[in-house]
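This report refers to the structure that appears directly beneath it.
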Amino acid sequence: MTAVSTEQELLRIPDSLFVHADLRVEVEQFLYFEATLLDERRYADWYLLFADDIHYWMPNRMNRLMQESARENTTEREMGLFDDNKTSLEWRVKQLLTRKHWAEDPPSRARHLVTNIRIEPASAENEYAVRSNFLVYRNRLEDEVDIWVGERHDVLRRLEPRAWQIARRTIILDQNVVLSKNLSIFL
Amino acid sequence: MITNDTLNSYADFEHGLISPHVFSSQEVYELELERLFGRTWLFLAHESQIPKRGDFFSTYMGTDPVLVVRQRDGSVKALLNFCRHRGMRVCRADLGNAKAFTCTYHGWSYDTAGKLVSVPNREDAYHNEIDMAKWGLGQVPRVETYKGFIFGCFDETVPSLDEYLGDMKYYIDFYFDRREGGVEILGGVTKAKIPANWKMAAEQFAGDSYHAQFTHVSNFSVIAPPEMERREYAEQAKLGAERMLAAGRQFASPFGHGTGFLSVPGQPYASTGGDPIIDEYEASIRPEIEARLGADRSRGMHGLHCTIFPNFSWLNPARTVRVWQPKGPDAFEIWSFVFVDKQAPAEVKEAIRWLTQMQFGPAGLAEQDDGENWGLISGNLAGRGPQVHKIPLNYTMGLGHEGPDPTFPGQISPHLFGESAQRMFYRRWAEFMTSPKWPMPDEATKRFASGGH
């Protein structure tokens with residue numbers, strides 16, 4: 001809708017968002033499980049949650065007039081903040097485990113809040129398009145504080161009951177200038 | 001008011017001693033905005049970012065907001081993004097194409113050349129008394145381009161960009177004029193805010209190859225070419241590194257620019273991480289580069305880092321150019337871009353874009369660790385602790401070993417690691433901070449820069 005209607009309309013929640021309760025529990029617990037691994041800095045375990053064909057992408061956000069809002073985010077072949085495959089995610093995890101990655105040694109204290117989880121079936125039978133909002137709080141050294149807020153668009157793949165992988169993740173960070181001195185933890 | 005004597009005491013470049021005050025003083029910062037950013041050539045945009053008439057890119061010169069706009073006749077103007085009525089931003093988008101800039105406060109409208117073309121209620125409320133010709137957007141008086149890179153300067157008396165760059169052009173061409181058509185900036189700019197003084201980054205990119213082996217050790221230890229074992233790569237890298245350090249050079253310009261490069265004839269160019277797509281491309285164009293730039297720059301020189309004084313830098317092979325936008329004595333923004341040869345095949349451009357972004361940007365495997373250094377130096381000075389502020393910082397590496405080189409122009413230090421560029425950076429900084437007239441490098445500086453003492 002691009003205009004406000006003058007007649008009374010009833011806007012229904014899309015049917016696709018109503019998935020089976022058991023499925024909802026698994027997806028939510030998976031995302032909370034992932035958040036726990038990150039908060040506890042269990043990076044090697046966190047890496048196992050990613051499918052071999054993962055594309056982990058975070059575009060840059062630009063300030064555009066509403067008439068150009070379709071171009072608000074950079075595209076996949078333009079500059080962005082993350083553009084990772086399984087190999088490069090491994091580089092990142094290994095870097096965190098070297099004990100020489102000074103940006104995270106001493107490590108930050110981080111807390112991932114994941115909320116507004118919306119689940120819809122995706123095209124493949126065992127895949128789901130899952131969106132969630134995040135707020136990640138980082139506190140570092142004496143008094144450094146960063147707060148990142150945004151949304152993730154995931155494709156989650158259910159391999160077995162209670163065994164999931166992330167096949168695709170797009171992170172939309174609600175910042176134009178990145179307001180932290182680095183993005184050394186995963187959002 | 002801070003005196004010239006105090007400013008000069010902060011930058012004892014002859015002995016390689018720099019005062020921490022340059023990184024923390026509010027007074028120094030405010031004087032820099034006037035005496036340094038008000039008088040030097042500052043990077044605006046690359047031609048490839050604003051190809052069509054009406055294309056604009058919003059940026060800063062120092063802390064003054066500027067719109068870089070492609071004109072109808074193909075030239076480029078830089079306009080202050082500051083309505084003449086009350087100072088509102090006349091354009092709030094980061095980039096785009098416009099036929100006019102209309103202020104959303106009272107509706108004053110300017111054409112793409114900055115001319116005031118429309119004022120609501122001009123006849124009645126203004127009684128036709130407003131002289132439109134006098135109220136156009138502030139114009140940056142000097143705008144010049146070198147190899148597609150557009151620079152602006154607020155000082156009309158500044159030497160030409162060509163003269164300002166001087167011997168640096170020899171080194172710039174290696175990065176930006178290797179092939180016909182030069183380079184282009186790929187889509188997008190990444191911006192991040194660092195809680196530190198802009199000069200930490202500017203001087204690092206001018207002359208600091210030294211920091212990489214420690215700051216970025218975690219990056220080097222995880223990046224490996226896919227077809228080699230990481231251990232084997234690390235061993236090769238170590239042998240290569242020892243040879244390369246001895247074969248590296250640092251260049252410092254009397255105008256304050258600095259760059260460092262490797263001079264290893266016959267050494268194949270290698271991308272960080274050994275991407276075969278990039279490496280094969282580089283090998284394939286080497287004869288073309290030699291024909292264009294000569295043997296010394298094609299076979300023998302692998303440029304690494306560079307700063308065009310005061311705040312425009314780049315890295316190669318990472319192929320990122322960036323502006324350090326000052327936002328206070330203890331804050332700056334990194335605005336970083338990726339550049340590629342225009343003629344490179346699409347898959348090479350994409351490979352470069354991917355690899356550069358992986359290394360640089362706030363999430364970059366390399367750049368993450370720079371933020372930690374700069375932020376904590378700033379944190380150490382934030383409390384204005386009097387004791388630390390009394391301790392001059394050591395900028396003595398290679399002091400006295402600078403001189404002329406048989407192959408490369410300008411002042412050269414005979415090792416990859418050195419601080420000659422940083423000493424020259426602060427020499428120029430002091431010249432700008434203390435000189436009422438535009439400071440042409442004096443005879444002493446030129447002698448120093450050509451290797452005499």
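Here, A, B, ... name the chains of the structure tokens in the order displayed, residue numbers run from 1 inside each chain, and ligands are numbered from 1 in the same displayed order.
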Q) Out of segment 63-170 of chain A, which residues get alpha helix (DSSP H) from DSSP, as a VMD selection string? A) chain A and resid 86 to 97
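Close contacts of segment 196-206 of chain B, defined as residues with an atom at most 7 Å away when counting only C-alpha atoms, with chain neighbours fewer than 2 positions off set aside, comprise Phe23, Ile194, Asp208, His257, Gly258, Thr259, His305, Cys306, Thr307, Pro310, Asn311, Ser313, Trp324, Pro326, Pro329, Asp330, Ala331, Phe332, Trp374, Gly375, Ser378, Ala421, Gln422 and Phe425 of chain B.
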Got time to write the residues from that selection, N, CA and C atoms, as a tab-separated table (two decimals), in the first residue's frame?
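As a result, selection.tsv now contains:
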```tsv
chain	number	residue	atom	x	y	z
B	23	PHE	N	47.56	14.58	19.60
B	23	PHE	CA	46.46	13.64	19.46
B	23	PHE	C	45.28	13.96	20.35
B	194	ILE	N	35.65	5.99	14.59
B	194	ILE	CA	36.72	5.51	15.46
B	194	ILE	C	36.96	6.55	16.54
B	208	ASP	N	53.87	3.51	8.06
B	208	ASP	CA	53.98	2.46	9.06
B	208	ASP	C	53.71	1.07	8.49
B	257	HIS	N	53.49	14.05	1.85
B	257	HIS	CA	52.96	12.72	1.48
B	257	HIS	C	53.98	11.64	1.83
B	258	GLY	N	53.48	10.42	1.98
B	258	GLY	CA	54.39	9.31	2.27
B	258	GLY	C	53.86	8.02	1.69
B	259	THR	N	54.76	7.15	1.33
B	259	THR	CA	54.36	5.83	0.86
B	259	THR	C	55.46	4.83	1.12
B	305	HIS	N	51.38	1.06	1.07
B	305	HIS	CA	50.53	2.00	1.78
B	305	HIS	C	50.88	3.40	1.35
B	306	CYS	N	49.97	4.33	1.55
B	306	CYS	CA	50.22	5.70	1.11
B	306	CYS	C	49.29	6.68	1.79
B	307	THR	N	49.78	7.86	2.06
B	307	THR	CA	48.92	8.98	2.47
B	307	THR	C	49.28	10.20	1.64
B	310	PRO	N	46.75	15.93	3.77
B	310	PRO	CA	46.88	15.39	5.11
B	310	PRO	C	46.10	14.10	5.39
B	311	ASN	N	44.97	13.85	4.70
B	311	ASN	CA	44.09	12.81	5.24
B	311	ASN	C	43.48	11.88	4.20
B	313	SER	N	44.27	8.39	2.09
B	313	SER	CA	45.21	7.27	2.10
B	313	SER	C	44.70	6.11	1.27
B	324	TRP	N	40.15	10.08	6.08
B	324	TRP	CA	40.01	10.14	7.54
B	324	TRP	C	39.32	11.45	7.85
B	326	PRO	N	37.89	14.12	10.15
B	326	PRO	CA	38.00	14.48	11.56
B	326	PRO	C	36.64	14.83	12.15
B	329	PRO	N	39.01	16.13	18.42
B	329	PRO	CA	40.37	15.65	18.66
B	329	PRO	C	40.42	14.16	18.93
B	330	ASP	N	39.32	13.57	19.36
B	330	ASP	CA	39.33	12.16	19.72
B	330	ASP	C	38.29	11.36	18.96
B	331	ALA	N	37.97	11.77	17.76
B	331	ALA	CA	37.06	10.99	16.93
B	331	ALA	C	37.32	11.28	15.46
B	332	PHE	N	37.24	10.24	14.64
B	332	PHE	CA	37.25	10.45	13.20
B	332	PHE	C	36.43	9.34	12.56
B	374	TRP	N	44.14	2.38	17.88
B	374	TRP	CA	43.85	3.81	17.86
B	374	TRP	C	42.93	4.22	19.02
B	375	GLY	N	41.93	3.40	19.28
B	375	GLY	CA	40.99	3.72	20.36
B	375	GLY	C	41.66	3.77	21.72
B	378	SER	N	43.95	6.79	22.24
B	378	SER	CA	43.09	7.92	22.56
B	378	SER	C	42.57	7.83	23.99
B	421	ALA	N	58.58	8.97	6.77
B	421	ALA	CA	57.35	9.59	6.27
B	421	ALA	C	56.58	10.24	7.42
B	422	GLN	N	56.59	9.61	8.56
B	422	GLN	CA	55.89	10.20	9.71
B	422	GLN	C	56.57	11.50	10.15
B	425	PHE	N	55.60	14.08	7.76
B	425	PHE	CA	54.19	14.41	7.98
B	425	PHE	C	54.09	15.49	9.05
```
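Any residue of chain A with an atom no more than 7 Å from chain B counts as a contact; using only C-alpha atoms, that gives Asn60, Met62, Asn63, Arg64, Leu65, Thr74, Arg77, Glu78, Met79, Leu81, Phe82, Trp91, Lys94, Gln95, Thr98, Lys100, His101, Trp102, Ala103, Val177, Val178, Leu179, Ser180, Lys181, Asn182, Leu183 and Ser184 of chain A.
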Restricting the output to C-alpha atoms, write the selected residues as an mmCIF file, in the first residue's frame.
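Written out: selection33.cif:
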```cif
data_model
loop_
_atom_site.group_PDB
_atom_site.id
_atom_site.type_symbol
_atom_site.label_atom_id
_atom_site.label_comp_id
_atom_site.auth_asym_id
_atom_site.auth_seq_id
_atom_site.Cartn_x
_atom_site.Cartn_y
_atom_site.Cartn_z
ATOM 1 C CA ASN A 60 25.838 -1.047 3.823
ATOM 2 C CA MET A 62 22.612 4.573 2.664
ATOM 3 C CA ASN A 63 20.565 7.701 3.200
ATOM 4 C CA ARG A 64 18.228 7.965 0.226
ATOM 5 C CA LEU A 65 15.043 9.910 -0.332
ATOM 6 C CA THR A 74 24.055 -1.842 -1.202
ATOM 7 C CA ARG A 77 28.325 -6.989 -5.679
ATOM 8 C CA GLU A 78 28.865 -3.655 -4.030
ATOM 9 C CA MET A 79 30.590 -2.846 -0.794
ATOM 10 C CA LEU A 81 30.196 -5.145 5.883
ATOM 11 C CA PHE A 82 30.085 -8.952 5.665
ATOM 12 C CA TRP A 91 38.937 -17.588 8.927
ATOM 13 C CA LYS A 94 40.108 -19.127 13.677
ATOM 14 C CA GLN A 95 41.182 -15.514 14.096
ATOM 15 C CA THR A 98 44.438 -17.380 17.836
ATOM 16 C CA LYS A 100 46.508 -12.825 19.099
ATOM 17 C CA HIS A 101 43.414 -11.093 17.794
ATOM 18 C CA TRP A 102 43.827 -7.992 19.898
ATOM 19 C CA ALA A 103 40.433 -6.552 19.037
ATOM 20 C CA VAL A 177 27.975 5.168 9.726
ATOM 21 C CA VAL A 178 28.979 2.143 11.791
ATOM 22 C CA LEU A 179 29.179 3.682 15.231
ATOM 23 C CA SER A 180 31.569 1.191 16.787
ATOM 24 C CA LYS A 181 35.344 1.142 16.373
ATOM 25 C CA ASN A 182 35.053 -2.283 14.816
ATOM 26 C CA LEU A 183 32.637 -5.163 14.265
ATOM 27 C CA SER A 184 34.780 -7.796 15.894
#
```
(Q) Please list as JSON, numbers by chain every residue within 6 Å of segment 67-82 of chain B, counting only C-alpha atoms and excluding residues in the same chain fewer than 3 positions away. (A) {"B": [53, 54, 55, 56, 57, 58, 87, 88, 89, 90, 138, 139, 140]}
Suppose we keep C-alpha atoms; can you now write the selection as a compact mmCIF listing (two decimals), in the first residue's frame?
```txt
# COMPACT_ATOMS: atom_id res chain seq x y z
CA ARG B 53 25.40 15.60 -15.10
CA GLY B 54 23.58 16.21 -11.87
CA ASP B 55 25.29 13.28 -10.11
CA PHE B 56 26.38 14.27 -6.65
CA PHE B 57 28.25 12.81 -3.71
CA SER B 58 27.95 14.24 -0.21
CA GLY B 87 22.38 26.97 7.32
CA MET B 88 20.14 23.94 6.80
CA ARG B 89 21.48 21.08 4.67
CA VAL B 90 20.17 21.61 1.16
CA GLY B 138 29.40 28.67 -0.93
CA GLN B 139 31.82 27.46 -3.59
CA VAL B 140 35.03 25.59 -2.97
```
Q) Which neighbours of Gly410 of chain B fall inside 12 Å, counting only C-alpha atoms, when residues of the same chain fewer than 4 positions from it are skipped, and could you give them as a ChimeraX atom specification? A) /B:165-171,249-259,402-406,420-421,445-452
Serialized selection, C-alpha atoms, as a JSON list (two decimals), in the first residue's frame:
```json
[["chain", "number", "residue", "atom", "x", "y", "z"],
["B", 165, "LEU", "CA", 51.67, 16.08, -5.45],
["B", 166, "GLY", "CA", 55.18, 16.56, -6.87],
["B", 167, "ASP", "CA", 57.32, 13.39, -6.81],
["B", 168, "MET", "CA", 54.36, 11.56, -5.31],
["B", 169, "LYS", "CA", 52.88, 11.37, -8.81],
["B", 170, "TYR", "CA", 55.55, 8.80, -9.72],
["B", 171, "TYR", "CA", 54.20, 6.56, -6.95],
["B", 249, "ARG", "CA", 61.65, 1.41, 0.72],
["B", 250, "GLN", "CA", 59.85, 4.34, 2.30],
["B", 251, "PHE", "CA", 59.29, 7.61, 0.44],
["B", 252, "ALA", "CA", 58.60, 10.98, 2.06],
["B", 253, "SER", "CA", 57.65, 14.11, 0.14],
["B", 254, "PRO", "CA", 58.46, 17.67, 1.16],
["B", 255, "PHE", "CA", 54.74, 18.32, 0.72],
["B", 256, "GLY", "CA", 54.02, 15.78, 3.48],
["B", 257, "HIS", "CA", 52.96, 12.72, 1.48],
["B", 258, "GLY", "CA", 54.39, 9.31, 2.27],
["B", 259, "THR", "CA", 54.36, 5.83, 0.86],
["B", 402, "GLU", "CA", 67.14, 8.86, 4.52],
["B", 403, "GLY", "CA", 68.71, 9.86, 1.26],
["B", 404, "PRO", "CA", 68.55, 9.85, -2.51],
["B", 405, "ASP", "CA", 68.08, 6.53, -4.27],
["B", 406, "PRO", "CA", 69.52, 5.59, -7.67],
["B", 420, "SER", "CA", 60.83, 9.06, 7.71],
["B", 421, "ALA", "CA", 57.35, 9.59, 6.27],
["B", 445, "THR", "CA", 62.80, 21.00, 3.81],
["B", 446, "LYS", "CA", 63.60, 20.41, 0.17],
["B", 447, "ARG", "CA", 67.21, 19.66, 0.99],
["B", 448, "PHE", "CA", 66.08, 17.34, 3.74],
["B", 449, "ALA", "CA", 63.65, 15.72, 1.38],
["B", 450, "SER", "CA", 66.16, 15.11, -1.37],
["B", 451, "GLY", "CA", 68.45, 13.36, 1.04],
["B", 452, "GLY", "CA", 70.65, 16.18, 2.31]]
```
Q: Tell me, as a VMD selection string, which residues lie within 10 Å of Leu399 of chain B, counting only C-alpha atoms; anything in the same chain fewer than 4 positions away does not count.
A: chain B and resid 13 to 16 395 413 418 to 420 423
Please produce a file of those selected residues containing C-alpha atoms, as a PDB file, in the first residue's frame.
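Okay, this is what ended up in out-v2.pdb:
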```pdb
ATOM      1  CA  PHE B  13      60.744  16.090  13.635  1.00  0.00           C
ATOM      2  CA  GLU B  14      64.493  16.627  13.527  1.00  0.00           C
ATOM      3  CA  HIS B  15      64.929  14.373  16.524  1.00  0.00           C
ATOM      4  CA  GLY B  16      61.874  12.222  15.920  1.00  0.00           C
ATOM      5  CA  TYR B 395      59.548   8.599  15.956  1.00  0.00           C
ATOM      6  CA  SER B 413      64.698   5.277   3.361  1.00  0.00           C
ATOM      7  CA  GLY B 418      61.080   3.338   8.780  1.00  0.00           C
ATOM      8  CA  GLU B 419      59.527   6.483  10.172  1.00  0.00           C
ATOM      9  CA  SER B 420      60.826   9.057   7.714  1.00  0.00           C
ATOM     10  CA  ARG B 423      58.648  12.723  10.530  1.00  0.00           C
TER      11      ARG B 423
END
```
Q) Looking at only C-alpha atoms, which of A:Val130, A:Ala44, A:Ile13, A:Ala163 is the one that sits closest to Asn116 of chain A? A)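 For Asn116 of chain A, the nearest of the candidates is A:Val130.
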Q: Write out as a PyMOL selection string which residues come within 10 Å of Pro121 of chain A when counting only C-alpha atoms, dropping same-chain ones fewer than 4 positions away.
A: chain A and resi 16-19+125-130+155-156
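Closest approach to Leu96 of chain A from the set A:Val136, A:Ala167, A:Leu38, A:Leu141 is made by A:Leu38, with distances taken over only C-alpha atoms.
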